[in-house]
Amino acid sequence: MLKPALPGDVRLATVVGAGLMGRRIAGIIARGGADVVLHDTNAELLEGAVAVASQMASESPTAGTVSSSTSLAEAIEGSDFITEAIIEDLGAKQQLIAAISELTERAIIATNTSVLPITSIAAFATAPDRVVGTHWWNPPDLIPIVEVVRGQRTSTEVIDRTVALLEHLGKLAVRVERDVPGFVGNRLQHALWREAIALVADGVCDAETADLVCRNTMGLRLAQMGPIETADYVGLDLTRAIHEAVLPSLSTDTFANPILTTLIERGDLGAKSGQGFLTWPEGRREKAAAELAAHVSTQLHARSQH
Ligand SMILES: NC(=O)c1ccc[n+]([C@@H]2O[C@H](COP(=O)([O-])OP(=O)(O)OC[C@H]3O[C@@H](n4cnc5c(N)ncnc54)[C@H](O)[C@@H]3O)[C@@H](O)[C@H]2O)c1
């Protein structure tokens, strides 16, 4: 007997790109009850990806199955919801979307790009109305939000079904109604990074101080009260006065800060090379990842107790 479809009318899902994000997204969808097929051009990593996704799915008694295929056509045959999570390269994503849309006449095609325009990716699809942005955050099983981004031609039905599926999967699905670079989350995030990097580059403070101030002021508050609510909370008259005093001197650079190029040309790429703005001795990156995951889990746990 055919098992009932999940909200969004999804029984079978496909995840193309079984890397860091794809394998965990597959695990979340399977845990929610749909059967999932993973596909990747690198066949060697499929076994490990299926193991990770299956392990996540095993946390639910009503989980769907996780399998893999080295053939794109086989992986998406009969699929209702296809998510691509391949490398962040516009040309590669456009080619993939073109290939996928040749092979399916009805599936929703979701793209997990972080910053690329959904409309440009969808332009290569035979049916751009079925292409939607789903920006998961890393790690996708921990961070609640998925930004559901409307491309210029995405249909409202596709948005609604995608939101319904994601909510069933336990995600906080938010609608981004215009396809702007970086959507909502990365625009907010990189407005802050631009200013932090400018402060360091201009010698206002050192790198440690910029992070220390952020973590011990707004960082403590932001998970509870966002910038819009905070503006209301302190008063819009005060907010306007602060903006009039401070906005004229904030960085408005429309290019990456030259200090990044200086560091990169020195080979200082950050944690992966051992030196960036900060020094990263052996083991610091792993320790930071573990501490970050523990911190996020603790916050989410505390929030669930309220
Ligand atoms: N890593 C993050 O923090 C993060 C967060 C949010 C969104 N994203 C987005 O998710 C996507 C994937 O990121 P990731 O970190 O998982 O990358 P990753 O490099 O870990 O995985 C990408 C996978 O795609 C495969 N691949 C490449 N081209 C392919 C193709 N044409 N067909 C099938 N498979 C192909 C690669 O073999 C690789 O396994 C990117 O668009 C990225 O911007 C990443």
# chains A, B, ... in the order shown; residues from 1 in each chain; ligands from 1
>>> residues_near_ligand(ligand="ligand 1", cutoff="8 Å", atoms="only C-alpha atoms and all ligand atoms", output="tab-separated table (two decimals) with all heavy atoms, in the first residue's frame")
chain	number	residue	atom	x	y	z
A	16	VAL	N	20.51	16.05	-4.28
A	16	VAL	CA	21.64	15.99	-5.22
A	16	VAL	C	22.78	16.81	-4.63
A	16	VAL	O	22.63	18.01	-4.38
A	16	VAL	CB	21.23	16.56	-6.60
A	16	VAL	CG1	22.41	16.46	-7.57
A	16	VAL	CG2	20.02	15.81	-7.15
A	17	GLY	N	23.91	16.13	-4.40
A	17	GLY	CA	25.03	16.75	-3.70
A	17	GLY	C	25.00	16.24	-2.27
A	17	GLY	O	24.18	16.67	-1.47
A	18	ALA	N	25.88	15.26	-2.01
A	18	ALA	CA	25.79	14.55	-0.72
A	18	ALA	C	26.92	14.97	0.21
A	18	ALA	O	27.43	14.16	0.99
A	18	ALA	CB	25.82	13.04	-0.98
A	19	GLY	N	27.31	16.24	0.13
A	19	GLY	CA	28.40	16.74	0.97
A	19	GLY	C	27.93	17.08	2.37
A	19	GLY	O	26.96	16.50	2.89
A	20	LEU	N	28.60	18.07	2.95
A	20	LEU	CA	28.33	18.50	4.33
A	20	LEU	C	26.84	18.75	4.56
A	20	LEU	O	26.23	18.24	5.51
A	20	LEU	CB	29.13	19.78	4.58
A	20	LEU	CG	29.05	20.41	5.95
A	20	LEU	CD1	29.84	19.58	6.95
A	20	LEU	CD2	29.59	21.84	5.91
A	21	MET	N	26.22	19.56	3.68
A	21	MET	CA	24.81	19.93	3.87
A	21	MET	C	23.87	18.84	3.36
A	21	MET	O	22.90	18.48	4.04
A	21	MET	CB	24.50	21.24	3.13
A	21	MET	CG	25.24	22.46	3.62
A	21	MET	SD	24.84	22.90	5.31
A	21	MET	CE	23.22	23.63	5.10
A	22	GLY	N	24.13	18.35	2.14
A	22	GLY	CA	23.19	17.44	1.48
A	22	GLY	C	22.87	16.20	2.29
A	22	GLY	O	21.71	15.79	2.43
A	23	ARG	N	23.89	15.58	2.87
A	23	ARG	CA	23.67	14.33	3.61
A	23	ARG	C	22.81	14.58	4.86
A	23	ARG	O	21.98	13.76	5.22
A	23	ARG	CB	25.00	13.67	3.98
A	23	ARG	CG	25.90	14.50	4.87
A	23	ARG	CD	27.26	13.84	5.08
A	23	ARG	NE	27.99	13.66	3.82
A	23	ARG	CZ	29.09	12.95	3.71
A	23	ARG	NH1	29.60	12.34	4.77
A	23	ARG	NH2	29.71	12.83	2.55
A	39	HIS	N	22.20	11.55	-4.40
A	39	HIS	CA	23.02	11.43	-5.61
A	39	HIS	C	24.18	12.41	-5.51
A	39	HIS	O	24.03	13.52	-5.00
A	39	HIS	CB	22.20	11.74	-6.86
A	39	HIS	CG	23.03	11.92	-8.09
A	39	HIS	ND1	23.56	10.85	-8.79
A	39	HIS	CD2	23.47	13.04	-8.74
A	39	HIS	CE1	24.27	11.30	-9.81
A	39	HIS	NE2	24.22	12.63	-9.80
A	40	ASP	N	25.34	11.98	-6.00
A	40	ASP	CA	26.51	12.87	-6.03
A	40	ASP	C	27.39	12.43	-7.20
A	40	ASP	O	27.44	11.24	-7.52
A	40	ASP	CB	27.30	12.78	-4.71
A	40	ASP	CG	28.23	13.96	-4.49
A	40	ASP	OD1	29.25	14.05	-5.22
A	40	ASP	OD2	27.95	14.80	-3.61
A	41	THR	N	28.07	13.39	-7.83
A	41	THR	CA	28.98	13.01	-8.92
A	41	THR	C	30.20	12.27	-8.37
A	41	THR	O	30.85	11.53	-9.10
A	41	THR	CB	29.46	14.26	-9.70
A	41	THR	OG1	29.75	15.29	-8.76
A	41	THR	CG2	28.42	14.74	-10.67
A	42	ASN	N	30.48	12.47	-7.10
A	42	ASN	CA	31.57	11.73	-6.46
A	42	ASN	C	30.99	10.48	-5.79
A	42	ASN	O	30.53	10.52	-4.65
A	42	ASN	CB	32.28	12.63	-5.44
A	42	ASN	CG	33.44	11.94	-4.76
A	42	ASN	OD1	33.65	10.75	-4.97
A	42	ASN	ND2	34.18	12.69	-3.97
A	45	LEU	N	31.78	9.05	-2.10
A	45	LEU	CA	31.30	9.53	-0.79
A	45	LEU	C	29.85	9.16	-0.49
A	45	LEU	O	29.33	9.45	0.59
A	45	LEU	CB	31.55	11.03	-0.61
A	45	LEU	CG	31.05	12.03	-1.64
A	45	LEU	CD1	29.55	12.19	-1.58
A	45	LEU	CD2	31.72	13.38	-1.39
A	72	LEU	N	21.77	10.27	-12.05
A	72	LEU	CA	20.85	11.36	-11.72
A	72	LEU	C	19.42	10.98	-12.10
A	72	LEU	O	18.47	11.20	-11.33
A	72	LEU	CB	21.28	12.65	-12.44
A	72	LEU	CG	20.40	13.87	-12.21
A	72	LEU	CD1	20.43	14.32	-10.74
A	72	LEU	CD2	20.80	15.04	-13.13
A	84	GLU	N	18.80	20.46	-4.47
A	84	GLU	CA	20.21	20.38	-4.85
A	84	GLU	C	21.03	21.06	-3.76
A	84	GLU	O	20.64	22.12	-3.24
A	84	GLU	CB	20.45	20.97	-6.25
A	84	GLU	CG	20.45	22.49	-6.38
A	84	GLU	CD	21.68	23.17	-5.82
A	84	GLU	OE1	22.69	22.49	-5.65
A	84	GLU	OE2	21.61	24.38	-5.53
A	85	ALA	N	22.14	20.41	-3.40
A	85	ALA	CA	23.07	21.00	-2.42
A	85	ALA	C	24.49	20.76	-2.93
A	85	ALA	O	25.35	20.24	-2.22
A	85	ALA	CB	22.86	20.37	-1.05
A	86	ILE	N	24.70	21.11	-4.22
A	86	ILE	CA	26.04	20.94	-4.79
A	86	ILE	C	26.85	22.20	-4.51
A	86	ILE	O	26.37	23.13	-3.87
A	86	ILE	CB	25.99	20.60	-6.31
A	86	ILE	CG1	25.52	21.82	-7.13
A	86	ILE	CG2	25.10	19.40	-6.57
A	86	ILE	CD1	25.85	21.71	-8.62
A	87	ILE	N	28.06	22.21	-5.04
A	87	ILE	CA	28.97	23.35	-4.80
A	87	ILE	C	28.32	24.70	-5.17
A	87	ILE	O	27.47	24.76	-6.06
A	87	ILE	CB	30.28	23.19	-5.61
A	87	ILE	CG1	29.95	22.75	-7.05
A	87	ILE	CG2	31.22	22.22	-4.94
A	87	ILE	CD1	31.12	22.82	-7.98
A	88	GLU	N	28.78	25.75	-4.49
A	88	GLU	CA	28.21	27.09	-4.68
A	88	GLU	C	28.80	27.73	-5.94
A	88	GLU	O	29.65	28.63	-5.87
A	88	GLU	CB	28.49	27.94	-3.43
A	88	GLU	CG	27.83	29.30	-3.40
A	88	GLU	CD	26.34	29.28	-3.04
A	88	GLU	OE1	25.73	28.20	-3.10
A	88	GLU	OE2	25.82	30.34	-2.74
A	89	ASP	N	28.35	27.27	-7.10
A	89	ASP	CA	28.86	27.75	-8.38
A	89	ASP	C	27.67	27.92	-9.31
A	89	ASP	O	26.96	26.94	-9.58
A	89	ASP	CB	29.86	26.72	-8.93
A	89	ASP	CG	30.41	27.11	-10.28
A	89	ASP	OD1	29.68	26.99	-11.30
A	89	ASP	OD2	31.56	27.55	-10.34
A	92	ALA	N	27.48	25.66	-12.43
A	92	ALA	CA	27.24	24.24	-12.08
A	92	ALA	C	25.78	24.04	-11.67
A	92	ALA	O	25.13	23.07	-12.07
A	92	ALA	CB	28.18	23.81	-10.95
A	93	LYS	N	25.26	24.99	-10.90
A	93	LYS	CA	23.86	24.84	-10.45
A	93	LYS	C	22.91	25.00	-11.64
A	93	LYS	O	21.92	24.28	-11.75
A	93	LYS	CB	23.55	25.87	-9.35
A	93	LYS	CG	24.22	25.51	-8.00
A	93	LYS	CD	23.60	26.28	-6.85
A	93	LYS	CE	24.39	26.23	-5.55
A	93	LYS	NZ	24.27	25.01	-4.77
A	95	GLN	N	23.49	24.30	-14.78
A	95	GLN	CA	23.56	23.07	-15.60
A	95	GLN	C	22.78	21.95	-14.95
A	95	GLN	O	22.07	21.19	-15.61
A	95	GLN	CB	25.01	22.63	-15.75
A	95	GLN	CG	25.70	23.28	-16.92
A	95	GLN	CD	27.11	22.73	-17.08
A	95	GLN	OE1	27.45	21.68	-16.55
A	95	GLN	NE2	27.93	23.46	-17.80
A	96	LEU	N	22.94	21.84	-13.64
A	96	LEU	CA	22.25	20.76	-12.92
A	96	LEU	C	20.73	20.95	-12.98
A	96	LEU	O	19.98	20.01	-13.24
A	96	LEU	CB	22.72	20.72	-11.46
A	96	LEU	CG	22.01	19.70	-10.58
A	96	LEU	CD1	22.31	18.28	-11.05
A	96	LEU	CD2	22.40	19.87	-9.12
A	111	THR	N	16.70	24.76	-4.46
A	111	THR	CA	18.14	24.98	-4.51
A	111	THR	C	18.63	25.55	-3.18
A	111	THR	O	18.04	26.50	-2.65
A	111	THR	CB	18.54	25.91	-5.70
A	111	THR	OG1	19.92	26.28	-5.53
A	111	THR	CG2	17.70	27.16	-5.79
A	112	ASN	N	19.67	24.90	-2.63
A	112	ASN	CA	20.17	25.30	-1.31
A	112	ASN	C	21.34	26.27	-1.46
A	112	ASN	O	22.35	26.13	-0.78
A	112	ASN	CB	20.59	24.05	-0.52
A	112	ASN	CG	21.07	24.39	0.87
A	112	ASN	OD1	20.47	25.19	1.56
A	112	ASN	ND2	22.19	23.80	1.27
A	113	THR	N	21.20	27.23	-2.36
A	113	THR	CA	22.30	28.20	-2.47
A	113	THR	C	22.32	29.12	-1.25
A	113	THR	O	21.28	29.39	-0.65
A	113	THR	CB	22.16	29.04	-3.76
A	113	THR	OG1	23.17	30.04	-3.74
A	113	THR	CG2	20.80	29.70	-3.88
A	114	SER	N	23.51	29.60	-0.91
A	114	SER	CA	23.63	30.53	0.22
A	114	SER	C	23.39	31.96	-0.23
A	114	SER	O	22.80	32.75	0.49
A	114	SER	CB	25.02	30.47	0.84
A	114	SER	OG	25.31	29.17	1.27
A	115	VAL	N	23.87	32.30	-1.43
A	115	VAL	CA	23.79	33.70	-1.87
A	115	VAL	C	23.45	33.89	-3.35
A	115	VAL	O	23.18	35.00	-3.78
A	115	VAL	CB	25.12	34.46	-1.59
A	115	VAL	CG1	25.31	34.73	-0.11
A	115	VAL	CG2	26.32	33.74	-2.17
A	135	HIS	N	17.14	27.99	1.69
A	135	HIS	CA	18.46	28.24	2.28
A	135	HIS	C	18.48	27.70	3.70
A	135	HIS	O	17.98	28.33	4.63
A	135	HIS	CB	18.80	29.73	2.25
A	135	HIS	CG	20.13	30.02	2.86
A	135	HIS	ND1	20.38	31.10	3.67
A	135	HIS	CD2	21.31	29.32	2.81
A	135	HIS	CE1	21.63	31.08	4.07
A	135	HIS	NE2	22.21	30.00	3.57
A	136	TRP	N	19.05	26.49	3.82
A	136	TRP	CA	19.26	25.89	5.14
A	136	TRP	C	20.53	26.48	5.72
A	136	TRP	O	21.43	26.86	5.00
A	136	TRP	CB	19.46	24.38	5.01
A	136	TRP	CG	18.33	23.59	4.42
A	136	TRP	CD1	17.88	23.60	3.13
A	136	TRP	CD2	17.53	22.61	5.10
A	136	TRP	NE1	16.85	22.71	2.98
A	136	TRP	CE2	16.61	22.08	4.17
A	136	TRP	CE3	17.50	22.14	6.42
A	136	TRP	CZ2	15.68	21.10	4.49
A	136	TRP	CZ3	16.58	21.15	6.74
A	136	TRP	CH2	15.68	20.65	5.79
A	137	TRP	N	20.60	26.50	7.03
A	137	TRP	CA	21.81	26.98	7.70
A	137	TRP	C	22.54	25.78	8.30
A	137	TRP	O	21.93	24.77	8.63
A	137	TRP	CB	21.44	28.02	8.78
A	137	TRP	CG	21.04	29.33	8.17
A	137	TRP	CD1	19.98	29.55	7.34
A	137	TRP	CD2	21.71	30.58	8.30
A	137	TRP	NE1	19.94	30.86	6.95
A	137	TRP	CE2	20.99	31.53	7.54
A	137	TRP	CE3	22.84	31.00	9.01
A	137	TRP	CZ2	21.37	32.87	7.45
A	137	TRP	CZ3	23.21	32.35	8.92
A	137	TRP	CH2	22.50	33.26	8.14
A	138	ASN	N	23.84	25.93	8.44
A	138	ASN	CA	24.67	24.82	8.92
A	138	ASN	C	24.89	24.89	10.44
A	138	ASN	O	25.21	25.96	10.94
A	138	ASN	CB	26.04	24.92	8.21
A	138	ASN	CG	26.94	23.76	8.55
A	138	ASN	OD1	26.50	22.64	8.72
A	138	ASN	ND2	28.22	24.05	8.69
A	139	PRO	N	24.75	23.81	11.20
A	139	PRO	CA	24.32	22.48	10.75
A	139	PRO	C	22.79	22.44	10.60
A	139	PRO	O	22.08	22.92	11.48
A	139	PRO	CB	24.79	21.56	11.89
A	139	PRO	CG	24.99	22.43	13.08
A	139	PRO	CD	25.17	23.83	12.62
A	140	PRO	N	22.32	21.88	9.48
A	140	PRO	CA	20.89	22.00	9.15
A	140	PRO	C	19.96	21.32	10.15
A	140	PRO	O	18.80	21.70	10.25
A	140	PRO	CB	20.79	21.35	7.77
A	140	PRO	CG	22.00	20.50	7.64
A	140	PRO	CD	23.07	21.14	8.46
>>> select_by_dssp(residues="segment 65-248 of chain A", states="alpha helix (DSSP H)", output="MDAnalysis selection string")
chainID A and resid 72:76 90:103 118:122 156:168 185:201 207:215 218:222 227:234 236:246
>>> residues_around(residues="Val174 of chain A", least_positions_apart="2", cutoff="9 Å", atoms="only C-alpha atoms", output="compact mmCIF listing (two decimals) with N, CA, C and O atoms, in the first residue's frame")
# COMPACT_ATOMS: atom_id res chain seq x y z
N ILE A 145 16.05 27.79 11.31
CA ILE A 145 15.51 28.50 10.12
C ILE A 145 15.87 27.82 8.80
O ILE A 145 17.00 27.37 8.61
N VAL A 146 14.89 27.78 7.90
CA VAL A 146 15.18 27.60 6.47
C VAL A 146 14.50 28.77 5.76
O VAL A 146 13.29 28.98 5.93
N GLU A 147 15.28 29.55 5.02
CA GLU A 147 14.70 30.66 4.25
C GLU A 147 14.15 30.09 2.94
O GLU A 147 14.89 29.48 2.17
N VAL A 148 12.86 30.31 2.71
CA VAL A 148 12.21 29.83 1.48
C VAL A 148 12.09 31.04 0.56
O VAL A 148 11.35 31.98 0.85
N VAL A 149 12.87 31.00 -0.52
CA VAL A 149 13.04 32.21 -1.33
C VAL A 149 12.28 32.09 -2.65
O VAL A 149 12.45 31.13 -3.40
N VAL A 163 6.99 25.20 2.21
CA VAL A 163 6.87 25.62 3.62
C VAL A 163 6.17 24.52 4.42
O VAL A 163 6.60 24.17 5.53
N LEU A 172 11.80 25.98 11.08
CA LEU A 172 11.14 27.28 11.12
C LEU A 172 11.31 27.86 9.71
O LEU A 172 12.36 28.41 9.38
N VAL A 176 10.83 34.45 2.07
CA VAL A 176 11.55 35.62 1.57
C VAL A 176 10.90 35.94 0.23
O VAL A 176 11.01 35.17 -0.73
>>> residues_around(residues="Ala110 of chain A", least_positions_apart="6", cutoff="9 Å", atoms="only C-alpha atoms", output="PyMOL selection string")
chain A and resi 81-85+130-134+162
>>> closest_residue(among="A:Pro144, A:Gly219, A:Gly27, A:Gly235", to="Met56 of chain A", atoms="only C-alpha atoms")
A:Gly27
>>> residues_around(residues="Thr126 of chain A", least_positions_apart="6", cutoff="12 Å", atoms="only C-alpha atoms", output="list in words")
Gln94, Gln95, Leu96, Ile97, Ala98, Ala99, Ile100, Ser101, Glu102, Leu103, Thr104, Glu105, Arg106, Ala107, Ile109 and Arg153 of chain A
>>> closest_atom_pairs(of="segment 216-263 of chain A", to="segment 272-290 of chain A", cutoff="10 Å", atoms="only C-alpha atoms", output="CSV")
residue,atom,partner,partner_atom,distance
A:Ile259,CA,A:Phe277,CA,9.6
A:Leu260,CA,A:Gly276,CA,9.1
A:Leu263,CA,A:Gly276,CA,6.8
>>> decode(residues="segment 41-74 of chain A", atoms="N, CA and C atoms", output="short mmCIF file (atom, residue, chain, number, x, y, z; two decimals), in the first residue's frame")
data_model
loop_
_atom_site.label_atom_id
_atom_site.label_comp_id
_atom_site.auth_asym_id
_atom_site.auth_seq_id
_atom_site.Cartn_x
_atom_site.Cartn_y
_atom_site.Cartn_z
N THR A 41 28.07 13.39 -7.83
CA THR A 41 28.98 13.01 -8.92
C THR A 41 30.20 12.27 -8.37
N ASN A 42 30.48 12.47 -7.10
CA ASN A 42 31.57 11.73 -6.46
C ASN A 42 30.99 10.48 -5.79
N ALA A 43 31.01 9.37 -6.55
CA ALA A 43 30.34 8.14 -6.08
C ALA A 43 30.95 7.64 -4.78
N GLU A 44 32.25 7.95 -4.59
CA GLU A 44 32.95 7.39 -3.43
C GLU A 44 32.39 7.86 -2.09
N LEU A 45 31.78 9.05 -2.10
CA LEU A 45 31.30 9.53 -0.79
C LEU A 45 29.85 9.16 -0.49
N LEU A 46 29.21 8.47 -1.44
CA LEU A 46 27.79 8.17 -1.24
C LEU A 46 27.54 7.22 -0.06
N GLU A 47 28.43 6.24 0.08
CA GLU A 47 28.23 5.25 1.16
C GLU A 47 28.22 5.94 2.54
N GLY A 48 29.23 6.80 2.73
CA GLY A 48 29.32 7.52 4.01
C GLY A 48 28.14 8.46 4.20
N ALA A 49 27.70 9.10 3.11
CA ALA A 49 26.57 10.04 3.20
C ALA A 49 25.29 9.30 3.57
N VAL A 50 25.08 8.13 2.97
CA VAL A 50 23.88 7.35 3.30
C VAL A 50 23.94 6.92 4.77
N ALA A 51 25.12 6.58 5.25
CA ALA A 51 25.26 6.16 6.66
C ALA A 51 24.87 7.30 7.60
N VAL A 52 25.34 8.52 7.30
CA VAL A 52 25.01 9.67 8.15
C VAL A 52 23.50 9.92 8.13
N ALA A 53 22.94 9.96 6.91
CA ALA A 53 21.49 10.26 6.78
C ALA A 53 20.66 9.17 7.45
N SER A 54 21.06 7.90 7.28
CA SER A 54 20.31 6.78 7.88
C SER A 54 20.36 6.85 9.41
N GLN A 55 21.53 7.21 9.92
CA GLN A 55 21.68 7.34 11.37
C GLN A 55 20.72 8.40 11.91
N MET A 56 20.64 9.54 11.21
CA MET A 56 19.70 10.60 11.64
C MET A 56 18.25 10.10 11.54
N ALA A 57 17.94 9.41 10.44
CA ALA A 57 16.57 8.93 10.23
C ALA A 57 16.17 7.93 11.31
N SER A 58 17.15 7.17 11.78
CA SER A 58 16.84 6.09 12.74
C SER A 58 16.30 6.64 14.08
N GLU A 59 16.40 7.97 14.26
CA GLU A 59 15.86 8.57 15.49
C GLU A 59 14.33 8.58 15.50
N SER A 60 13.70 8.29 14.33
CA SER A 60 12.23 8.30 14.28
C SER A 60 11.69 6.93 13.88
N PRO A 61 10.64 6.45 14.58
CA PRO A 61 10.07 5.16 14.21
C PRO A 61 9.30 5.21 12.88
N THR A 62 8.97 6.41 12.41
CA THR A 62 8.21 6.52 11.16
C THR A 62 9.07 7.02 10.01
N ALA A 63 10.38 6.85 10.16
CA ALA A 63 11.30 7.38 9.14
C ALA A 63 11.12 6.67 7.81
N GLY A 64 11.47 7.39 6.74
CA GLY A 64 11.54 6.77 5.42
C GLY A 64 12.91 6.12 5.23
N THR A 65 13.10 5.53 4.08
CA THR A 65 14.37 4.87 3.79
C THR A 65 15.35 5.88 3.19
N VAL A 66 16.64 5.55 3.29
CA VAL A 66 17.67 6.36 2.62
C VAL A 66 18.44 5.44 1.69
N SER A 67 18.53 5.82 0.42
CA SER A 67 19.32 5.05 -0.52
C SER A 67 20.12 6.01 -1.39
N SER A 68 20.89 5.47 -2.31
CA SER A 68 21.67 6.36 -3.17
C SER A 68 21.69 5.81 -4.59
N SER A 69 22.02 6.69 -5.51
CA SER A 69 22.18 6.25 -6.89
C SER A 69 23.26 7.11 -7.53
N THR A 70 24.07 6.50 -8.36
CA THR A 70 25.10 7.25 -9.09
C THR A 70 24.53 7.82 -10.39
N SER A 71 23.28 7.46 -10.68
CA SER A 71 22.62 7.99 -11.88
C SER A 71 21.62 9.07 -11.47
N LEU A 72 21.77 10.27 -12.05
CA LEU A 72 20.85 11.36 -11.72
C LEU A 72 19.42 10.98 -12.10
N ALA A 73 19.27 10.40 -13.28
CA ALA A 73 17.92 10.03 -13.77
C ALA A 73 17.25 9.06 -12.80
N GLU A 74 18.02 8.07 -12.35
CA GLU A 74 17.46 7.06 -11.43
C GLU A 74 17.13 7.72 -10.08
#
